[in-house]
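Here the structure comes first, spelled out in structure tokens, and everything after it is commentary.
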Amino acid sequence: MPVDSPNLTMTGFHGCDADSVPSIKADNFKCSTGEHHWLGEGVYFFSAGISNPSEDAQRWAIAQSWDSRTGSRSYLKFSVLKAEISPANPLDMTNDTGKAKVNLAREALTRRMKPQKGYVDNAIIQWLAEKYGFDVLVQDFYIQMTRERKMGLRSRFPNVRVICVRKPHSAIDKDSISVTYTALIPSNPI
Amino acid sequence: MNLDEFKLDLEAKLAAMADDQLRDELEQVGCVFDEPWLDPSLDEVELISANNSESSTFEAADSNELALAA
């Protein structure tokens with residue numbers, strides 16, 4: 001689904017702790033922060049294109065409930081929220097133009113710097129998004145859910161399409177947010 | 001913005017930015033630089049290139065060729 005044209009609405013699915021739903025519905029989504037996120041700071045959704053995005057969100061919420069530090073679930077009930085996303089200035093990296101733009105930026109930036117530690121993708125995409133005012137980023141990823149984590153399964157082939165909404169209050173009408181699924185975390189998820 | 005426009009715009013933006021400014025901006029979005037900002041080999045390439053321009057008409061297409069020439 002190409003999204004380079006503004007005024008296009010996308011449907012995204014977000015899996016989370018069920019206890020977070022009331023505040024999200026009341027105040028809209030809040031950006032998660034941290035350097036480890038796939039496309040930088042933002043609210044993350046699964047979208048159609050590769051797999052079933054509602055099921056992706058369920059599997060993600062289940063996988064994320066596991067806290068490896070404590071060896072237990074950090075929440076026992078999860079929900080999937082559906083939202084309509086209306087970007088003003090999206091960057092779609094699932095098409096050739098989007099990929100080429102990111103590649104140009106990477107080439108240009110890495111000519112000017114010497115990064116010392118691991119991936120610089122996150123910094124490059126955030127720099128690019130801020131310089132060009134991209135409010136929504138779309139990219140295909142391979143993400144380890146519970147089964148893949150248990151197996152230690154690594155792959156270079158994407159299994160999900162991810163939407164990162166950098167400015168949720170302008171790109172998401174909170175009245176469009178609805179709960180599509182709520183359930184207890186299975187005792188032995190796969 | 002199509003790809004050609006984007007390329008020109010990106011080049012212009014970066015050309016207008018000093019190294020310190022670019023480094024600061026990248027650090028603000030999580031890039032970590034433990035060592036000197038500019039690759040030391042780039043300084044070496046410039047030096048080699050300058051020496052060559054004084055003594056010969058040698059022109060190298062890229063840093064690898066310059067390094068080999070040294």
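Residue numbering restarts at 1 for every chain of the structure tokens, chains are lettered A, B, ... in their displayed order, and ligands are numbered from 1 as they appear.
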Quiz item: What lies within 12 Å of Met1 of chain B using only C-alpha atoms, ignoring chain neighbours under 2 positions off, as a PyMOL selection string?
Solution: (chain A and resi 4-6+89-91+97-98+101+132+134) or (chain B and resi 3-10)
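If you look at atom CA of Ser65 of chain A and atom CA of Gly15 of chain A, they are 10.3 Å away from each other.
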Quiz item: Closest to chain B among A:Thr110, A:Asn159, A:Gln58, A:Thr146, using only C-alpha atoms?
Solution: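 Counting only C-alpha atoms, the residue closest to chain B is A:Thr110.
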Quiz item: Hey, which of A:Ile124, A:Ser32, A:Tyr44, A:Lys82 ends up closest to Gln28 of chain B? Count only C-alpha atoms.
Solution: A:Ile124
